[in-house]
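Trainee: Take this structure, written in structure tokens, and hold onto it; I'll ask about it next.
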Amino acid sequence: MSEYKDTVLVSGGAGYIGTHTAVALIEAGYDVVIIDNFSNSEPTAIEGVEKIVGRKVTFEKVDTCDINALRGVFERHEFSTVIHFAAYKAVGESMHEPLKYYMNNLVSYMNILELMKEFRRPNVLFSSSATVYGDAETLPVTEQTPRQPATSPYGNTKQIAEDILRDCCRAYEGFHGIALRYFNPIGAHPSALIGELPRGVPNNLIPFITQTAAGIRECLSVFGNDYDTPDGTCLRDYIDVLDLAKAHVAAVNRMVDGKMKEKYEIFNVGTGTPVSVLELLNRFIKANGVDVPYKIVARREGDVPAVWADTTLANKELGWKAERDLDDTLRASWNWEKHVRGIK
Ligand code: WQD
């Protein structure tokens, strides 16, 4: 009998959420096979995972869009479950290069599903996003809150991928899927051995804040303070990546242990607490004792005023809830940036 509970194929496992999830899976007794093409990640991420767990992990450099290369992975490794992280994620870029997003995000995904069907691998966990809710009519959003038409090709790939998974689970016997709708993942492993590594100018708030604190960016632009929110800046649900990683373990357990109530299930993965841009910025400054110059600028096109999660379903069905303290999360974000930049 294997010493492991099961094996999980992690596509995009060198990325931000993939690395933290691989660590959490290993710590929970799973073995992992990680694949990544390093299109938006570095080999050092795999080394970081190995240092944290204290052993080598199985890694193959594979492009999930290449079905023949991917077939080799299915031939060489036994696993019951695939977590599919591999995707492009820059909302703005997707507006200018829609085909790049549809090709990469959907072809890779359909290759995975096709091979799962062919090799009779039963479980798939898909990285969806709160972006599917768009500008929701009621807050917080539950899994039943209607999705709004996607406002970017990136967001559309998430909606289409959810629907593809639903249809596959409906049609193919022995096929099970869970879509986790992530809110805004932030933070890093406390060891500072893995974290988010954005290339170029960051689009997301926390990497922009940490790079400004590190002196790489001159000033943070806060996009709009005239929203209908308590301090006028947007409200989001910032979820620590360690908590997010644990939600994946809970979802994998649910599939592997045969506990799913439907063949296709969706869960919100957030904290349930809305935090404004200025609140997050001020908490970051206070928790880390650093200066972050900022200015208020115009709203960013496409931003919704507010979105946060109702996490009741994940709490109940996955037995999971976000636990990390926001200040600890913000300290971990800064420690990671310092580690990357060699700041003492
Ligand atoms: C958060 C808040 C900005 C940068 C996006 C995707 C989503 C998901 C996560 C990823 C907003 C404000 C930001 C800055 C700012 N996908 N902001 N100055 O837009 O909620 O979600 O990332 O893979 O699908 O849409 O996250 O971090 O970009 O912004 O004021 O320099 O911070 O306006 O209110 P968002 P974000």
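We label chains A, B, ... in the order they appear in the structure tokens, count residues from 1 in each chain, and number ligands from 1 in the order shown.
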Just want the 10 Å neighbourhood of A:Arg166, counted on only C-alpha atoms, with same-chain residues fewer than 5 positions away dropped. Output as an NGL selection string.
Mentor: :A and (160-161 or 171 or 176-179 or 263-266)
Trainee: Output N, CA, C and O atoms of each residue in that selection to a file, as a PDB file, in the first residue's frame.
Mentor:
```pdb
ATOM      1  N   ILE A 160     -16.911  30.056 -19.068  1.00  0.00           N
ATOM      2  CA  ILE A 160     -17.021  28.949 -20.044  1.00  0.00           C
ATOM      3  C   ILE A 160     -16.476  27.662 -19.428  1.00  0.00           C
ATOM      4  O   ILE A 160     -17.080  26.592 -19.558  1.00  0.00           O
ATOM      5  N   ALA A 161     -15.349  27.784 -18.726  1.00  0.00           N
ATOM      6  CA  ALA A 161     -14.737  26.592 -18.128  1.00  0.00           C
ATOM      7  C   ALA A 161     -15.651  25.974 -17.067  1.00  0.00           C
ATOM      8  O   ALA A 161     -15.750  24.746 -16.962  1.00  0.00           O
ATOM      9  N   ALA A 171     -22.499  14.490 -18.280  1.00  0.00           N
ATOM     10  CA  ALA A 171     -22.514  13.528 -19.386  1.00  0.00           C
ATOM     11  C   ALA A 171     -21.687  12.268 -19.136  1.00  0.00           C
ATOM     12  O   ALA A 171     -22.071  11.184 -19.578  1.00  0.00           O
ATOM     13  N   HIS A 176     -16.228  13.670 -11.870  1.00  0.00           N
ATOM     14  CA  HIS A 176     -16.649  14.573 -10.792  1.00  0.00           C
ATOM     15  C   HIS A 176     -15.872  15.874 -10.855  1.00  0.00           C
ATOM     16  O   HIS A 176     -14.663  15.849 -11.105  1.00  0.00           O
ATOM     17  N   GLY A 177     -16.542  16.976 -10.590  1.00  0.00           N
ATOM     18  CA  GLY A 177     -15.850  18.260 -10.652  1.00  0.00           C
ATOM     19  C   GLY A 177     -16.244  19.204  -9.544  1.00  0.00           C
ATOM     20  O   GLY A 177     -17.395  19.223  -9.106  1.00  0.00           O
ATOM     21  N   ILE A 178     -15.268  19.950  -9.092  1.00  0.00           N
ATOM     22  CA  ILE A 178     -15.539  21.054  -8.166  1.00  0.00           C
ATOM     23  C   ILE A 178     -14.902  22.310  -8.742  1.00  0.00           C
ATOM     24  O   ILE A 178     -13.745  22.283  -9.173  1.00  0.00           O
ATOM     25  N   ALA A 179     -15.663  23.396  -8.770  1.00  0.00           N
ATOM     26  CA  ALA A 179     -15.107  24.699  -9.132  1.00  0.00           C
ATOM     27  C   ALA A 179     -15.010  25.520  -7.858  1.00  0.00           C
ATOM     28  O   ALA A 179     -15.998  25.671  -7.135  1.00  0.00           O
ATOM     29  N   LYS A 263     -22.516  15.678  -8.724  1.00  0.00           N
ATOM     30  CA  LYS A 263     -21.305  15.370  -9.509  1.00  0.00           C
ATOM     31  C   LYS A 263     -20.496  16.619  -9.823  1.00  0.00           C
ATOM     32  O   LYS A 263     -19.301  16.554 -10.060  1.00  0.00           O
ATOM     33  N   TYR A 264     -21.175  17.766  -9.823  1.00  0.00           N
ATOM     34  CA  TYR A 264     -20.475  19.036 -10.038  1.00  0.00           C
ATOM     35  C   TYR A 264     -20.885  20.002  -8.949  1.00  0.00           C
ATOM     36  O   TYR A 264     -22.089  20.225  -8.735  1.00  0.00           O
ATOM     37  N   GLU A 265     -19.910  20.517  -8.246  1.00  0.00           N
ATOM     38  CA  GLU A 265     -20.203  21.438  -7.147  1.00  0.00           C
ATOM     39  C   GLU A 265     -19.346  22.703  -7.257  1.00  0.00           C
ATOM     40  O   GLU A 265     -18.238  22.664  -7.797  1.00  0.00           O
ATOM     41  N   ILE A 266     -19.899  23.784  -6.708  1.00  0.00           N
ATOM     42  CA  ILE A 266     -19.217  25.079  -6.742  1.00  0.00           C
ATOM     43  C   ILE A 266     -19.129  25.611  -5.313  1.00  0.00           C
ATOM     44  O   ILE A 266     -20.111  25.525  -4.565  1.00  0.00           O
TER      45      ILE A 266
END
```
Trainee: List every residue of chain A that has an atom at most 8 Å from any atom of ligand 1, giving for each one its closest atom pair and the distance in Å to one decimal, counting only C-alpha atoms and all ligand atoms, sorted by chain and then by ascending residue number, as a Markdown table.
Mentor:
```
| residue | atom | partner | partner_atom_place_in_ligand_line | distance |
| --- | --- | --- | --- | --- |
| A:Tyr88 | CA | ligand 1 | 23 (O) | 7.9 |
| A:Lys89 | CA | ligand 1 | 23 (O) | 4.5 |
| A:Ala90 | CA | ligand 1 | 23 (O) | 6.5 |
| A:Val91 | CA | ligand 1 | 25 (O) | 6.0 |
| A:Ser129 | CA | ligand 1 | 24 (O) | 5.7 |
| A:Ala130 | CA | ligand 1 | 24 (O) | 6.4 |
| A:Thr131 | CA | ligand 1 | 24 (O) | 4.5 |
| A:Val132 | CA | ligand 1 | 24 (O) | 7.9 |
| A:Tyr154 | CA | ligand 1 | 24 (O) | 7.7 |
| A:Gly155 | CA | ligand 1 | 24 (O) | 6.5 |
| A:Tyr182 | CA | ligand 1 | 8 (C) | 7.6 |
| A:Phe183 | CA | ligand 1 | 8 (C) | 6.8 |
| A:Asn184 | CA | ligand 1 | 9 (C) | 5.2 |
| A:Pro185 | CA | ligand 1 | 9 (C) | 7.1 |
| A:Pro202 | CA | ligand 1 | 31 (O) | 7.4 |
| A:Asn203 | CA | ligand 1 | 28 (O) | 5.3 |
| A:Asn204 | CA | ligand 1 | 27 (O) | 3.3 |
| A:Leu205 | CA | ligand 1 | 4 (C) | 3.7 |
| A:Ile206 | CA | ligand 1 | 27 (O) | 6.4 |
| A:Phe208 | CA | ligand 1 | 31 (O) | 5.6 |
| A:Ile209 | CA | ligand 1 | 31 (O) | 7.5 |
| A:Leu220 | CA | ligand 1 | 31 (O) | 5.8 |
| A:Ser221 | CA | ligand 1 | 18 (N) | 5.0 |
| A:Val222 | CA | ligand 1 | 30 (O) | 3.4 |
| A:Phe223 | CA | ligand 1 | 30 (O) | 4.0 |
| A:Gly224 | CA | ligand 1 | 30 (O) | 7.0 |
| A:Thr233 | CA | ligand 1 | 34 (O) | 6.7 |
| A:Cys234 | CA | ligand 1 | 34 (O) | 4.3 |
| A:Leu235 | CA | ligand 1 | 34 (O) | 6.3 |
| A:Arg236 | CA | ligand 1 | 20 (O) | 6.2 |
| A:Ser276 | CA | ligand 1 | 34 (O) | 7.5 |
| A:Val277 | CA | ligand 1 | 32 (O) | 5.4 |
| A:Arg299 | CA | ligand 1 | 33 (O) | 6.8 |
| A:Arg300 | CA | ligand 1 | 33 (O) | 5.8 |
| A:Asp303 | CA | ligand 1 | 33 (O) | 5.9 |
| A:Val304 | CA | ligand 1 | 34 (O) | 7.3 |
| A:Pro305 | CA | ligand 1 | 34 (O) | 7.0 |
| A:Ala306 | CA | ligand 1 | 34 (O) | 7.8 |
```
Trainee: Quick check for you: according to DSSP on this backbone, which residues of stretch 23-169 of chain A are classed as helix (DSSP H, G or I)? Reply as JSON, numbers by chain.
Mentor: {"A": [23, 24, 25, 26, 27, 43, 44, 45, 46, 47, 48, 49, 50, 51, 52, 53, 67, 68, 69, 70, 71, 72, 73, 74, 75, 76, 91, 92, 93, 94, 95, 96, 98, 99, 100, 101, 102, 103, 104, 105, 106, 107, 108, 109, 110, 111, 112, 113, 114, 115, 116, 117, 118, 130, 131, 132, 133, 153, 154, 155, 156, 157, 158, 159, 160, 161, 162, 163, 164, 165, 166, 167, 168, 169]}
Trainee: Which residues come within 10 Å of A:Val57, counting only C-alpha atoms, excluding same-chain residues fewer than 4 positions away, as a list in words?
Mentor: Ala22, Val23, Ile26, Asp31, Val32, Val33, Ile34, Ile46, Glu47, Val49, Glu50 and Val53 of chain A
Trainee: Enumerate as an MDAnalysis selection string all residues of stretch 261-328 of chain A assigned to strand (DSSP E) by DSSP on the backbone, naming them with the chain letters and numbers the document uses.
Mentor: chainID A and resid 264:269 275:276 294:297
Trainee: Write the residues of the preceding selection, restricted to C-alpha atoms, as an mmCIF file, in the first residue's frame.
Mentor:
```
data_model
loop_
_atom_site.group_PDB
_atom_site.id
_atom_site.type_symbol
_atom_site.label_atom_id
_atom_site.label_comp_id
_atom_site.auth_asym_id
_atom_site.auth_seq_id
_atom_site.Cartn_x
_atom_site.Cartn_y
_atom_site.Cartn_z
ATOM 1 C CA TYR A 264 -20.475 19.036 -10.038
ATOM 2 C CA GLU A 265 -20.203 21.438 -7.147
ATOM 3 C CA ILE A 266 -19.217 25.079 -6.742
ATOM 4 C CA PHE A 267 -17.825 26.774 -3.641
ATOM 5 C CA ASN A 268 -16.936 30.358 -2.827
ATOM 6 C CA VAL A 269 -13.517 30.636 -1.263
ATOM 7 C CA VAL A 275 -12.112 45.311 3.166
ATOM 8 C CA SER A 276 -11.614 48.602 1.319
ATOM 9 C CA TYR A 294 -0.153 56.818 -2.569
ATOM 10 C CA LYS A 295 -2.418 59.100 -4.527
ATOM 11 C CA ILE A 296 -6.090 58.908 -5.426
ATOM 12 C CA VAL A 297 -6.637 58.664 -9.173
#
```
Trainee: List the spatial neighbours of A:Tyr109 as a list in words - criterion: any atom at most 10 Å away, only C-alpha atoms, same-chain residues fewer than 4 positions off excluded.
Mentor: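 Once the adjacent positions are removed, what remains is Ser11, Thr64, Cys65, His84, Phe85, Ala86, Ala87, Met103, Asn104, Asn105, Leu113, Glu114, Phe126, Ala161, Ile164 and Leu165 of chain A.
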Trainee: Output C-alpha atoms for every residue in that selection, as a short mmCIF file (atom, residue, chain, number, x, y, z; two decimals), in the first residue's frame.
Mentor:
```cif
data_model
loop_
_atom_site.label_atom_id
_atom_site.label_comp_id
_atom_site.auth_asym_id
_atom_site.auth_seq_id
_atom_site.Cartn_x
_atom_site.Cartn_y
_atom_site.Cartn_z
CA SER A 11 -1.17 21.83 -13.50
CA THR A 64 -0.83 21.72 -21.03
CA CYS A 65 -1.82 23.04 -24.47
CA HIS A 84 -6.08 22.70 -12.99
CA PHE A 85 -4.41 26.03 -12.19
CA ALA A 86 -2.56 26.53 -15.46
CA ALA A 87 -3.98 29.68 -17.06
CA MET A 103 -6.51 29.46 -26.70
CA ASN A 104 -4.38 29.02 -23.62
CA ASN A 105 -7.02 28.88 -20.91
CA LEU A 113 -10.63 16.93 -19.42
CA GLU A 114 -10.20 14.86 -22.57
CA PHE A 126 -11.04 23.92 -11.35
CA ALA A 161 -14.74 26.59 -18.13
CA ILE A 164 -17.73 22.86 -19.65
CA LEU A 165 -17.08 21.15 -16.33
#
```
Trainee: Separation of atom CA of A:Ala309 and atom CA of A:Glu323, in Å?
Mentor: 14.7 Å
Trainee: List every residue of stretch 9-82 of chain A that has an atom at most 12 Å from any atom of stretch 256-259 of chain A, and for each one report the closest atom pair and its distance in Å to one decimal, counting only C-alpha atoms, with rows sorted by chain and then by increasing residue number, as a Markdown table.
Mentor:
```
| residue | atom | partner | partner_atom | distance |
| --- | --- | --- | --- | --- |
| A:Tyr30 | CA | A:Val256 | CA | 10.8 |
| A:Phe79 | CA | A:Val256 | CA | 10.6 |
| A:Ser80 | CA | A:Val256 | CA | 7.5 |
| A:Thr81 | CA | A:Val256 | CA | 7.8 |
| A:Val82 | CA | A:Val256 | CA | 11.2 |
```
Trainee: Please produce an output containing C-alpha atoms for each residue in the selection, written as a PDB file, in the first residue's frame.
Mentor:
```pdb
ATOM      1  CA  TYR A  30      -1.047  13.468  -0.593  1.00  0.00           C
ATOM      2  CA  PHE A  79      -3.478   9.956  -9.945  1.00  0.00           C
ATOM      3  CA  SER A  80      -7.164  10.191  -9.148  1.00  0.00           C
ATOM      4  CA  THR A  81      -7.448  13.956  -9.145  1.00  0.00           C
ATOM      5  CA  VAL A  82      -6.323  16.911 -11.212  1.00  0.00           C
TER       6      VAL A  82
END
```
Trainee: Please list as a list of chain:residue names every residue within 12 Å of A:His339, counting only C-alpha atoms and excluding residues in the same chain fewer than 2 positions away.
Mentor: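 The residues that qualify are A:Ala188, A:His189, A:Pro190, A:Ser191, A:Ala192, A:Leu193, A:Ile194, A:Gly195, A:Glu196, A:Leu197, A:Thr210, A:Gln211, A:Ala214, A:Ala332, A:Ser333, A:Trp334, A:Asn335, A:Trp336, A:Glu337, A:Arg341, A:Gly342, A:Ile343, A:Lys344.
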Trainee: Show me, as JSON, numbers by chain, the residues that have an atom within 6 Å of stretch 247-250 of chain A when counting only C-alpha atoms, minus same-chain residues fewer than 3 positions from it.
Mentor: {"A": [25, 244, 253, 318]}
Trainee: Restricting the calculation to only C-alpha atoms: of A:Glu75, A:Asp167, A:Glu42, A:Asp63, which residue gets closest to A:Leu115?
Mentor: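 Closest to A:Leu115 of all the choices is A:Glu75.
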Trainee: Could you name the residues that touch A:Leu330 at 7 Å or less, counting only C-alpha atoms, but leaving out those on the same chain fewer than 6 positions away, as a CSV table (one decimal) with all heavy atoms, in the first residue's frame?
Mentor:
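The new file out.csv reads:
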```csv
chain,number,residue,atom,x,y,z
A,187,GLY,N,-1.0,37.3,0.3
A,187,GLY,CA,-0.1,36.7,1.3
A,187,GLY,C,0.9,35.8,0.6
A,187,GLY,O,1.0,35.7,-0.6
A,284,PHE,N,-1.6,47.5,6.0
A,284,PHE,CA,-0.3,47.0,5.5
A,284,PHE,C,0.8,47.9,6.1
A,284,PHE,O,1.8,47.4,6.7
A,284,PHE,CB,-0.2,47.0,4.0
A,284,PHE,CG,1.1,46.6,3.5
A,284,PHE,CD1,1.3,45.3,3.2
A,284,PHE,CD2,2.1,47.5,3.3
A,284,PHE,CE1,2.6,44.9,2.7
A,284,PHE,CE2,3.4,47.1,2.8
A,284,PHE,CZ,3.6,45.8,2.5
A,287,ALA,N,1.0,47.2,10.0
A,287,ALA,CA,1.5,45.9,10.4
A,287,ALA,C,2.9,45.8,10.1
A,287,ALA,O,3.6,45.0,10.8
A,287,ALA,CB,0.7,44.8,9.6
```
